[in-house]
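Visitor: File start.txt follows (compact mmCIF, C-alpha atoms):
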```txt
# COMPACT_ATOMS: atom_id res chain seq x y z
CA MET A 1 0.00 0.00 0.00
CA LYS A 2 1.27 3.47 -0.79
CA LYS A 3 2.06 5.83 2.03
CA ASP A 4 0.79 9.42 1.98
CA LEU A 5 1.28 12.29 4.40
CA ILE A 6 -1.91 14.31 4.51
CA SER A 7 -2.59 15.03 8.17
CA ILE A 8 -0.27 14.99 11.17
CA THR A 9 -2.57 12.42 12.78
CA ASP A 10 -1.85 9.97 9.91
CA PHE A 11 1.54 9.16 11.42
CA SER A 12 2.23 7.27 14.63
CA LYS A 13 4.72 8.32 17.28
CA ASP A 14 7.12 5.68 15.92
CA GLU A 15 6.89 7.21 12.48
CA TYR A 16 7.58 10.69 13.90
CA LEU A 17 10.69 9.29 15.54
CA ARG A 18 11.81 7.51 12.39
CA ILE A 19 11.51 10.79 10.48
CA MET A 20 13.47 12.59 13.21
CA ASN A 21 16.28 10.03 12.87
CA LEU A 22 16.31 10.30 9.10
CA ALA A 23 16.33 14.12 9.32
CA ALA A 24 19.34 14.02 11.65
CA ASP A 25 21.10 11.82 9.11
CA PHE A 26 20.29 14.25 6.27
CA GLU A 27 21.54 17.12 8.35
CA LYS A 28 24.94 15.42 8.55
CA ASN A 29 24.88 14.47 4.91
CA PRO A 30 22.27 16.45 2.94
CA ASN A 31 23.22 15.23 -0.54
CA GLN A 32 22.14 11.62 -0.99
CA GLU A 33 21.02 10.49 -4.41
CA LEU A 34 18.06 8.44 -3.23
CA LEU A 35 15.68 10.00 -5.76
CA LYS A 36 17.99 9.54 -8.74
CA GLY A 37 15.97 8.76 -11.85
CA LYS A 38 12.70 9.73 -10.15
CA VAL A 39 10.31 12.52 -11.04
CA VAL A 40 8.51 14.52 -8.37
CA ALA A 41 5.48 16.66 -9.24
CA SER A 42 5.38 19.90 -7.28
CA LEU A 43 1.83 21.24 -7.66
CA PHE A 44 1.22 24.64 -6.07
CA PHE A 45 -2.41 25.55 -6.71
CA GLU A 46 -1.72 28.47 -4.39
CA PRO A 47 1.59 30.29 -4.27
CA SER A 48 3.83 29.63 -1.26
CA THR A 49 7.39 30.51 -2.09
CA ARG A 50 8.87 29.47 1.24
CA THR A 51 7.35 25.99 1.35
CA ARG A 52 7.93 25.35 -2.34
CA LEU A 53 11.62 26.32 -2.23
CA SER A 54 12.12 24.15 0.84
CA PHE A 55 10.55 21.13 -0.88
CA GLU A 56 12.33 21.71 -4.16
CA THR A 57 15.65 22.05 -2.35
CA ALA A 58 14.97 18.78 -0.52
CA ILE A 59 14.10 17.02 -3.81
CA SER A 60 17.19 18.43 -5.54
CA ARG A 61 19.48 17.33 -2.70
CA LEU A 62 18.03 13.83 -3.08
CA GLY A 63 18.88 13.92 -6.78
CA GLY A 64 15.29 13.93 -8.04
CA ARG A 65 13.80 15.87 -10.91
CA ILE A 66 10.93 18.30 -10.51
CA VAL A 67 7.95 18.98 -12.75
CA GLY A 68 5.00 21.17 -11.86
CA PHE A 69 3.84 24.71 -11.39
CA ALA A 70 4.43 27.44 -8.83
CA ASP A 71 1.11 29.24 -9.04
CA PRO A 72 -2.35 28.40 -10.34
CA GLY A 73 -2.12 31.01 -13.10
CA SER A 74 0.20 28.72 -15.02
CA SER A 75 -1.77 25.52 -14.42
CA SER A 76 -4.67 23.94 -16.23
CA ALA A 77 -6.87 24.74 -13.22
CA THR A 78 -7.42 28.18 -14.74
CA LYS A 79 -8.93 26.47 -17.79
CA GLY A 80 -11.43 24.83 -15.49
CA GLU A 81 -9.85 21.41 -15.17
CA THR A 82 -10.98 19.61 -12.04
CA LEU A 83 -8.52 18.62 -9.33
CA HIS A 84 -9.55 15.04 -10.05
CA ASP A 85 -8.37 15.18 -13.66
CA THR A 86 -5.15 17.06 -12.87
CA ILE A 87 -4.15 14.48 -10.25
CA LYS A 88 -5.16 11.54 -12.44
CA MET A 89 -2.91 12.81 -15.20
CA VAL A 90 0.05 13.84 -13.03
CA SER A 91 0.08 10.56 -11.11
CA ASN A 92 0.71 8.84 -14.43
CA TYR A 93 3.80 10.97 -14.99
CA ALA A 94 5.42 11.31 -11.59
CA ASP A 95 6.66 9.04 -8.78
CA LEU A 96 5.53 11.40 -6.00
CA ILE A 97 3.19 14.38 -5.72
CA VAL A 98 3.81 17.33 -3.41
CA MET A 99 0.82 19.63 -3.42
CA ARG A 100 -0.44 22.87 -1.94
CA HIS A 101 -4.09 23.81 -2.43
CA PRO A 102 -6.32 26.61 -1.12
CA LEU A 103 -9.26 24.27 -0.44
CA GLU A 104 -9.45 22.17 2.70
CA GLY A 105 -9.45 18.42 2.17
CA ALA A 106 -7.95 18.75 -1.33
CA ALA A 107 -4.85 16.72 -0.40
CA ARG A 108 -6.86 13.86 1.14
CA TYR A 109 -8.98 13.71 -1.99
CA ALA A 110 -5.92 13.80 -4.26
CA ALA A 111 -4.37 10.91 -2.30
CA GLU A 112 -7.48 8.83 -2.97
CA ILE A 113 -7.24 9.45 -6.70
CA SER A 114 -3.48 9.22 -7.09
CA SER A 115 -1.64 5.95 -7.65
CA VAL A 116 1.58 7.49 -6.28
CA PRO A 117 2.20 8.90 -2.79
CA VAL A 118 0.93 12.40 -2.01
CA ILE A 119 2.53 14.78 0.48
CA ASN A 120 0.34 17.62 1.68
CA ALA A 121 2.20 20.95 1.58
CA GLY A 122 -0.83 22.76 3.03
CA ASP A 123 -4.56 22.53 2.31
CA GLY A 124 -6.28 25.82 3.15
CA ALA A 125 -6.58 26.35 6.88
CA ASN A 126 -6.62 22.60 7.51
CA GLN A 127 -3.26 20.80 7.67
CA HIS A 128 0.39 21.47 7.00
CA PRO A 129 2.01 18.34 8.42
CA THR A 130 5.53 18.89 7.09
CA GLN A 131 5.65 22.17 9.05
CA THR A 132 4.71 20.26 12.20
CA LEU A 133 7.39 17.64 11.65
CA LEU A 134 10.04 20.29 11.15
CA ASP A 135 8.82 21.97 14.34
CA LEU A 136 9.19 18.65 16.17
CA TYR A 137 12.66 18.20 14.74
CA SER A 138 13.62 21.69 15.88
CA ILE A 139 12.36 20.97 19.39
CA LEU A 140 14.12 17.61 19.54
CA LYS A 141 17.38 19.09 18.28
CA THR A 142 17.42 22.00 20.72
CA GLN A 143 15.99 20.25 23.78
CA GLY A 144 17.44 16.76 23.29
CA SER A 145 14.03 15.14 23.79
CA LEU A 146 10.37 15.47 22.88
CA ASP A 147 9.28 14.46 26.38
CA ASN A 148 8.69 16.89 29.27
CA ILE A 149 8.48 19.96 27.04
CA ASN A 150 6.90 23.10 28.47
CA ILE A 151 5.71 25.02 25.43
CA PHE A 152 4.22 28.51 25.29
CA MET A 153 2.12 29.19 22.22
CA VAL A 154 1.56 32.88 21.57
CA GLY A 155 -0.68 34.91 19.26
CA ASP A 156 -3.47 33.60 17.06
CA LEU A 157 -4.28 30.23 18.58
CA LYS A 158 -7.79 30.07 17.13
CA TYR A 159 -7.04 29.97 13.41
CA GLY A 160 -3.36 29.03 13.47
CA ARG A 161 -3.17 25.53 11.98
CA THR A 162 0.51 25.19 12.86
CA VAL A 163 -0.18 25.44 16.60
CA HIS A 164 -3.11 23.01 16.36
CA SER A 165 -1.05 20.36 14.59
CA LEU A 166 1.93 20.86 16.88
CA LEU A 167 -0.34 20.44 19.88
CA GLN A 168 -1.64 17.15 18.47
CA ALA A 169 1.85 15.88 17.73
CA LEU A 170 3.41 16.86 21.08
CA SER A 171 0.46 15.28 22.90
CA GLN A 172 1.82 11.90 21.81
CA PHE A 173 4.92 12.37 23.94
CA GLU A 174 5.49 12.10 27.70
CA ASN A 175 4.36 14.81 30.05
CA PRO A 176 4.09 17.95 27.90
CA VAL A 177 2.81 21.20 29.43
CA PHE A 178 0.98 23.70 27.23
CA ASN A 179 0.66 27.41 27.95
CA PHE A 180 -1.60 29.38 25.65
CA ILE A 181 -1.18 33.14 25.41
CA ALA A 182 -3.80 34.81 23.24
CA PRO A 183 -6.43 37.55 23.26
CA LYS A 184 -9.88 36.30 24.23
CA ILE A 185 -11.16 36.23 20.66
CA LEU A 186 -8.21 34.19 19.40
CA GLN A 187 -8.03 31.54 22.12
CA MET A 188 -7.29 27.87 21.52
CA PRO A 189 -10.52 26.20 20.31
CA ALA A 190 -12.41 24.05 22.82
CA THR A 191 -11.99 20.82 20.82
CA TYR A 192 -8.21 20.90 21.27
CA LYS A 193 -8.48 21.70 24.97
CA MET A 194 -10.97 18.85 25.40
CA ALA A 195 -8.52 16.45 23.76
CA LEU A 196 -5.80 17.52 26.21
CA LYS A 197 -8.15 17.09 29.15
CA GLU A 198 -9.09 13.59 28.03
CA LYS A 199 -5.41 12.64 27.94
CA GLY A 200 -4.76 14.24 31.33
CA ILE A 201 -2.31 16.75 29.83
CA LYS A 202 -1.79 20.03 31.69
CA TYR A 203 -2.56 23.32 29.98
CA TYR A 204 -2.89 26.92 31.13
CA GLU A 205 -4.48 29.91 29.44
CA HIS A 206 -3.23 33.47 29.74
CA GLU A 207 -4.19 36.76 28.17
CA GLU A 208 -1.11 38.65 29.29
CA PHE A 209 2.26 38.16 27.67
CA THR A 210 4.47 38.68 30.73
CA ASP A 211 7.35 37.09 32.59
CA ILE A 212 5.38 33.84 32.89
CA ILE A 213 7.50 32.79 29.91
CA LYS A 214 10.42 32.21 32.28
CA GLU A 215 9.12 28.64 32.67
CA ALA A 216 9.26 27.92 28.94
CA ASP A 217 11.43 25.44 27.05
CA ILE A 218 9.89 26.54 23.77
CA ILE A 219 8.17 29.82 22.90
CA TYR A 220 6.17 29.33 19.72
CA MET A 221 5.21 32.70 18.24
CA THR A 222 2.51 33.20 15.59
CA ARG A 223 1.23 36.16 13.69
CA VAL A 224 -1.96 37.93 14.79
CA GLN A 225 -3.53 38.59 11.42
CA LYS A 226 -5.58 41.70 10.81
CA GLU A 227 -8.04 39.90 8.55
CA ARG A 228 -9.17 37.68 11.45
CA PHE A 229 -10.85 40.62 13.17
CA SER A 230 -14.29 41.84 12.19
CA ASP A 231 -13.78 44.92 14.36
CA PRO A 232 -10.66 46.93 13.45
CA ILE A 233 -10.63 48.53 16.92
CA GLU A 234 -10.24 45.07 18.47
CA TYR A 235 -7.24 44.44 16.24
CA GLU A 236 -5.64 47.76 17.17
CA LYS A 237 -6.07 46.84 20.84
CA VAL A 238 -4.25 43.52 20.63
CA LYS A 239 -1.79 43.93 17.77
CA ASN A 240 1.01 45.33 19.92
CA VAL A 241 0.34 43.28 23.06
CA TYR A 242 1.90 40.10 21.73
CA ILE A 243 5.29 41.33 20.65
CA LEU A 244 8.34 39.51 21.92
CA ARG A 245 11.24 41.83 22.75
CA ASN A 246 14.76 40.95 23.72
CA ALA A 247 14.37 42.44 27.22
CA MET A 248 11.59 39.94 27.97
CA LEU A 249 14.02 37.04 27.58
CA GLU A 250 16.28 38.13 30.41
CA ASN A 251 15.01 35.72 33.06
CA THR A 252 14.06 32.87 30.76
CA LYS A 253 15.63 29.43 30.97
CA PRO A 254 19.03 28.98 29.28
CA ASN A 255 17.67 26.20 27.05
CA VAL A 256 14.64 28.13 25.79
CA LYS A 257 14.27 28.54 22.03
CA ILE A 258 11.96 30.81 20.12
CA LEU A 259 10.21 29.26 17.14
CA HIS A 260 8.04 30.90 14.48
CA PRO A 261 6.64 29.33 11.29
CA LEU A 262 7.51 32.56 9.40
CA PRO A 263 6.90 34.96 7.79
CA ARG A 264 6.88 37.26 10.78
CA VAL A 265 5.60 40.81 10.69
CA ASN A 266 6.27 42.62 13.96
CA GLU A 267 5.47 39.97 16.59
CA ILE A 268 9.14 39.24 17.19
CA HIS A 269 11.11 42.46 17.50
CA THR A 270 14.28 42.47 15.41
CA ASP A 271 16.31 43.03 18.58
CA VAL A 272 15.61 39.36 19.41
CA ASP A 273 17.34 38.11 16.25
CA ALA A 274 20.86 38.40 17.69
CA ASN A 275 19.91 36.52 20.87
CA GLU A 276 21.06 32.90 20.82
CA LYS A 277 17.58 31.92 22.02
CA ALA A 278 16.17 33.00 18.66
CA TYR A 279 15.85 29.89 16.53
CA TYR A 280 13.38 30.70 13.72
CA PHE A 281 15.90 30.93 10.90
CA GLU A 282 17.58 27.63 11.80
CA GLN A 283 14.10 26.20 12.13
CA ALA A 284 13.49 27.04 8.46
CA LEU A 285 16.71 25.27 7.46
CA ASN A 286 15.63 22.22 9.45
CA GLY A 287 12.66 22.14 7.08
CA VAL A 288 14.86 20.98 4.22
CA PHE A 289 16.30 18.04 6.20
CA THR A 290 12.88 17.12 7.56
CA ARG A 291 11.35 17.16 4.06
CA GLU A 292 14.17 14.98 2.74
CA ALA A 293 13.31 12.60 5.59
CA ILE A 294 9.56 12.69 4.86
CA ILE A 295 10.09 11.96 1.16
CA THR A 296 12.45 9.11 2.03
CA HIS A 297 9.94 7.67 4.49
CA THR A 298 6.83 7.91 2.28
CA MET A 299 8.66 6.44 -0.72
CA ASN A 300 10.48 3.76 1.29
CA LEU A 301 13.83 4.87 -0.07
CA LYS A 302 15.70 3.77 3.05
CA MET B 1 -67.44 13.52 29.83
CA LYS B 2 -65.00 14.14 27.03
CA LYS B 3 -63.97 11.34 24.78
CA LYS B 4 -60.23 10.75 24.38
CA LEU B 5 -59.16 11.80 20.93
CA LYS B 6 -57.30 9.09 19.11
CA LEU B 7 -55.60 9.20 15.78
CA LYS B 8 -56.86 6.84 13.21
CA VAL B 9 -54.50 6.03 10.41
CA SER B 10 -55.57 3.03 8.49
CA ALA B 11 -53.69 -0.11 9.35
CA ILE B 12 -51.53 -1.76 6.73
CA ASN B 13 -51.51 -5.36 5.72
CA GLU B 14 -47.79 -5.79 5.05
CA GLY B 15 -45.02 -3.26 5.36
CA THR B 16 -43.26 -0.91 7.77
CA VAL B 17 -44.47 1.75 10.17
CA ILE B 18 -41.87 4.36 11.13
CA ASP B 19 -42.91 6.11 14.32
CA HIS B 20 -41.42 8.84 16.52
CA ILE B 21 -40.02 10.97 13.73
CA PRO B 22 -39.60 14.64 14.79
CA ALA B 23 -42.40 16.45 12.91
CA LYS B 24 -40.02 19.05 11.50
CA ASN B 25 -37.93 16.36 9.82
CA LEU B 26 -40.73 14.32 8.25
CA PHE B 27 -40.07 15.46 4.70
CA LYS B 28 -36.32 15.03 5.08
CA VAL B 29 -36.92 11.43 6.18
CA ILE B 30 -39.16 10.86 3.17
CA SER B 31 -36.49 12.22 0.88
CA ILE B 32 -33.56 10.33 2.45
CA LEU B 33 -35.42 7.03 2.24
CA GLY B 34 -36.43 7.84 -1.32
CA LEU B 35 -40.13 7.41 -0.47
CA ASP B 36 -41.00 10.21 -2.85
CA LYS B 37 -39.74 8.07 -5.71
CA ILE B 38 -41.39 4.72 -5.09
CA GLU B 39 -44.78 3.44 -6.14
CA ASN B 40 -45.79 1.83 -2.86
CA GLN B 41 -48.84 3.04 -0.95
CA ILE B 42 -47.74 5.47 1.73
CA THR B 43 -49.71 7.27 4.41
CA PHE B 44 -48.25 9.68 6.87
CA GLY B 45 -49.35 11.90 9.71
CA THR B 46 -47.53 14.82 11.19
CA ASN B 47 -47.72 17.26 14.10
CA LEU B 48 -49.11 14.48 16.25
CA GLU B 49 -48.81 14.87 19.98
CA SER B 50 -45.71 13.46 21.58
CA ARG B 51 -44.39 14.20 25.04
CA LYS B 52 -40.89 13.20 23.99
CA LEU B 53 -40.56 15.07 20.73
CA GLY B 54 -42.99 17.95 21.01
CA GLY B 55 -44.56 17.06 17.70
CA LYS B 56 -44.04 13.79 15.98
CA ALA B 57 -44.69 12.27 12.61
CA ILE B 58 -45.43 8.75 11.52
CA ILE B 59 -45.04 7.05 8.13
CA LYS B 60 -46.64 3.83 6.98
CA VAL B 61 -45.25 2.21 3.88
CA SER B 62 -47.00 -0.79 2.39
CA ASP B 63 -45.00 -3.74 1.09
CA LYS B 64 -41.67 -2.21 2.01
CA PHE B 65 -39.06 -3.63 4.38
CA PHE B 66 -35.91 -1.63 5.00
CA LYS B 67 -32.40 -2.95 5.29
CA ASP B 68 -30.38 -1.81 8.33
CA ASP B 69 -27.94 0.39 6.43
CA GLU B 70 -30.85 1.92 4.57
CA ILE B 71 -32.84 2.83 7.66
CA ASN B 72 -29.81 3.93 9.67
CA LYS B 73 -29.42 6.83 7.27
CA ILE B 74 -32.28 8.60 9.03
CA ALA B 75 -30.53 8.34 12.40
CA LEU B 76 -29.07 11.78 11.76
CA ILE B 77 -32.43 13.50 11.83
CA ALA B 78 -34.68 10.98 13.58
CA PRO B 79 -32.48 9.26 16.18
CA HIS B 80 -35.45 8.03 18.23
CA ALA B 81 -37.42 6.60 15.33
CA LYS B 82 -38.96 3.18 15.89
CA LEU B 83 -39.87 0.69 13.23
CA ASN B 84 -42.73 -1.74 13.38
CA ILE B 85 -42.57 -4.48 10.79
CA ILE B 86 -46.08 -5.54 9.86
CA LYS B 87 -47.10 -8.86 8.39
CA ASP B 88 -50.74 -9.78 8.00
CA TYR B 89 -51.87 -6.75 10.09
CA GLU B 90 -49.70 -7.85 13.02
CA VAL B 91 -46.51 -6.32 14.35
CA VAL B 92 -44.01 -9.13 13.91
CA GLU B 93 -40.85 -7.19 14.77
CA LYS B 94 -39.82 -3.88 16.36
CA ARG B 95 -36.60 -2.16 15.53
CA VAL B 96 -34.81 1.00 16.55
CA VAL B 97 -32.59 3.20 14.46
CA GLU B 98 -28.88 3.07 15.18
CA THR B 99 -26.48 5.86 14.36
CA PRO B 100 -23.74 4.44 12.14
CA ASP B 101 -20.05 5.24 12.76
CA THR B 102 -19.58 6.68 9.30
CA ILE B 103 -21.95 8.58 7.03
CA THR B 104 -21.40 8.52 3.30
CA GLY B 105 -23.08 10.77 0.81
CA ILE B 106 -26.12 12.03 2.73
CA VAL B 107 -24.92 15.20 4.41
CA LYS B 108 -23.13 18.24 3.07
CA CYS B 109 -20.03 19.51 4.82
CA PHE B 110 -20.86 22.90 6.36
CA ASN B 111 -17.42 24.28 5.48
CA PRO B 112 -17.67 26.31 2.24
CA LYS B 113 -13.92 25.93 1.74
CA CYS B 114 -14.11 22.12 1.86
CA ILE B 115 -13.12 20.41 -1.38
CA THR B 116 -16.41 18.46 -1.33
CA ASN B 117 -18.33 21.73 -1.79
CA ASN B 118 -16.19 22.74 -4.75
CA GLU B 119 -15.86 19.59 -6.80
CA THR B 120 -18.16 16.63 -7.43
CA ILE B 121 -17.19 14.34 -4.54
CA THR B 122 -19.25 12.00 -2.40
CA THR B 123 -19.05 13.33 1.15
CA LYS B 124 -17.79 11.11 3.96
CA PHE B 125 -17.97 11.73 7.71
CA ASN B 126 -16.90 10.05 10.91
CA VAL B 127 -19.52 10.29 13.62
CA VAL B 128 -17.66 11.78 16.60
CA GLU B 129 -20.73 12.30 18.78
CA LYS B 130 -24.05 10.51 18.50
CA GLU B 131 -26.26 12.68 20.68
CA PRO B 132 -26.41 15.48 19.70
CA ILE B 133 -24.97 14.37 16.43
CA SER B 134 -21.59 15.73 15.43
CA LEU B 135 -19.78 14.76 12.24
CA LYS B 136 -16.12 15.11 11.29
CA CYS B 137 -15.50 15.56 7.58
CA HIS B 138 -13.14 12.89 6.21
CA TYR B 139 -11.66 15.50 3.86
CA CYS B 140 -11.41 18.92 5.54
CA GLU B 141 -11.52 17.51 9.12
CA LYS B 142 -14.01 20.19 10.23
CA ILE B 143 -16.92 19.35 12.52
CA THR B 144 -20.48 19.69 11.26
CA THR B 145 -22.93 19.96 14.16
CA GLU B 146 -26.60 19.02 14.27
CA GLU B 147 -27.83 22.57 13.57
CA GLN B 148 -25.47 22.82 10.60
CA ILE B 149 -26.58 19.59 8.94
CA ARG B 150 -27.86 20.04 5.39
CA MET B 151 -28.76 17.13 3.19
CA VAL B 152 -26.98 16.63 -0.13
```
Take the structure from the file and write it as structure tokens.

Guide:
Amino acid sequence: MKKDLISITDFSKDEYLRIMNLAADFEKNPNQELLKGKVVASLFFEPSTRTRLSFETAISRLGGRIVGFADPGSSSATKGETLHDTIKMVSNYADLIVMRHPLEGAARYAAEISSVPVINAGDGANQHPTQTLLDLYSILKTQGSLDNINIFMVGDLKYGRTVHSLLQALSQFENPVFNFIAPKILQMPATYKMALKEKGIKYYEHEEFTDIIKEADIIYMTRVQKERFSDPIEYEKVKNVYILRNAMLENTKPNVKILHPLPRVNEIHTDVDANEKAYYFEQALNGVFTREAIITHTMNLK
Amino acid sequence: MKKKLKLKVSAINEGTVIDHIPAKNLFKVISILGLDKIENQITFGTNLESRKLGGKAIIKVSDKFFKDDEINKIALIAPHAKLNIIKDYEVVEKRVVETPDTITGIVKCFNPKCITNNETITTKFNVVEKEPISLKCHYCEKITTEEQIRMV
């Protein structure tokens, strides 16, 4: 049976760990010609330069060839071709499909149609599992373990798919503690909190972004997006509350690392960048190794 | 002395009586079971008194016996429905409706950005909660709640 990666919940804890091990191996030796002679379709029905470059770098380092499109304007979707037909055709050409799509559930549907493995590079506001795996890898690498992590998630916790998936993934490990810092209207949805409760996992909610972060092993920052607010006054009230500044890191733990899925706007002040606790740029580089690992795992190359 | 008012719907010889349907969902039940497309004799009553449901409806279908997976489709909108199987004017069997664990192709996903609302795809849901009903879309993973349920 072919293996796809559509949702973070598709993989078991053992599979997460296997991908972590593979990623560590690719970090030591990024150029391994495991995809030599293979063709990978990179289908971006919605532009996402960062994710696409990361994937295409990973494919190139594995020695694979890339076909596809970078934005829907240059695809047959503009001519009205259905997703069904595009995937049917492409899966005849390629050995693997990496796809990004603005509609939710598009990747799951594509995986059902395709005869070759599909990796979801983001489907609307739903899932972005490769981001979650690279977040896990970044946590493992900087903390030495995925157990006993005290993580502070800050910003838009209501709509942010990256924090939802990371919460689900970290819940599989021993004794995590979650701290949610968000304005009332952007709090972590009840379904995720219920899931934590059922597993007996501790979580705390805060509205203030203060020195409570001194307990953190990981501070995961997200962008508070203007378009989420129906009332512009509400946005003005909260937009500058959740900004991380270098001075705030003074009493934090020596092992703490700051993660951000990027792009950032102003939620991490640039004066943090020089601090060794800032990790978001290395995190992005980890994405290449993690994606090499994910491709290797889904295609059984190792 | 007042006489007790009793409903009289003519008895059927052979077939199925579906009782305890919420009155507001009668026509949805008819449509889901495809009763509007068959030639059998059908009688129904609605807005009948029911302490449990407020107002209930009842359907009698002559010469029709439903399979489990067929009748379980109405569990979404008539979870307390009861079936009486009639043979020769006698109730020979009573059955209740059971909510299945998965629902295929009956309900629309409430999420306008779900792929199933943008391309011709049969919907598929996992039932995460049976009472009140709550469905998780197999594709977009969003939850459709009872109030949001719309039939395909």

Visitor: Counting all atoms listed in the file, a student should be able to say which residues of chain A come within 6 Å of chain B; what is the right answer, written as a ChimeraX atom specification?

Guide: /A:103-106,108

Visitor: Excluding same-chain residues fewer than 6 positions from segment 26-41 of chain B, what lies within 7 Å of it counting all atoms listed in the file, as a list in words?

Guide: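 Listing them by chain and then by number gives Ala57, Val61, Ser62, Asp63 and Ile74 of chain B.
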
Visitor: Now that the selection is made, can you save its residues with C-alpha atoms as a CSV table (one decimal), in the coordinates of the input?

Guide:
```csv
chain,number,residue,atom,x,y,z
B,57,ALA,CA,-44.7,12.3,12.6
B,61,VAL,CA,-45.2,2.2,3.9
B,62,SER,CA,-47.0,-0.8,2.4
B,63,ASP,CA,-45.0,-3.7,1.1
B,74,ILE,CA,-32.3,8.6,9.0
```

Visitor: If we count all atoms listed in the file, what is near Pro176 of chain A at a cut-off of 12 Å, once residues fewer than 6 positions away on the same chain are taken out, given as a list in words?

Guide: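 Result of the neighbour search: Ser145, Leu146, Asp147, Asn148, Ile149, Asn150, Ile151, Phe152, Leu166, Leu167, Gln168, Ala169, Leu170, Leu196, Lys199, Gly200, Ile201, Lys202, Tyr203, Tyr204, Ala216, Asp217 and Ile218 of chain A.
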
Visitor: May I have the centre and edge lengths, in Å to one decimal, of an axis-aligned box around the listed atoms of segment 129-136 of chain A with 4 Å added to every side, as lines of an AutoDock Vina configuration file?

Guide:
```
center_x = 6.0
center_y = 19.9
center_z = 11.6
size_x = 16.0
size_y = 12.5
size_z = 17.1
```

Visitor: Quick check, in Å to one decimal: how far apart do atom CA of His84 of chain A and atom CA of Ala107 of chain A lie?

Guide: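 Atom CA of Ala107 of chain A lies at a distance of 10.9 Å from atom CA of His84 of chain A.
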
Visitor: Hey, can you check how far atom CA of Ala78 of chain B sits from atom CA of Glu90 of chain B?

Guide: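 Separation of atom CA of Ala78 of chain B and atom CA of Glu90 of chain B: 24.1 Å.
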
Visitor: So how far away is atom CA of Met153 of chain A from atom CA of Asn246 of chain A, in Å?

Guide: 17.3 Å

Visitor: Which residue out of A:Met20, A:Ile113, A:Ile119, A:Val238 has the minimum interatomic distance to His101 of chain A when only C-alpha atoms are used?

Guide: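 Comparing A:Met20, A:Ile113, A:Ile119, A:Val238 against His101 of chain A, the winner is A:Ile119.
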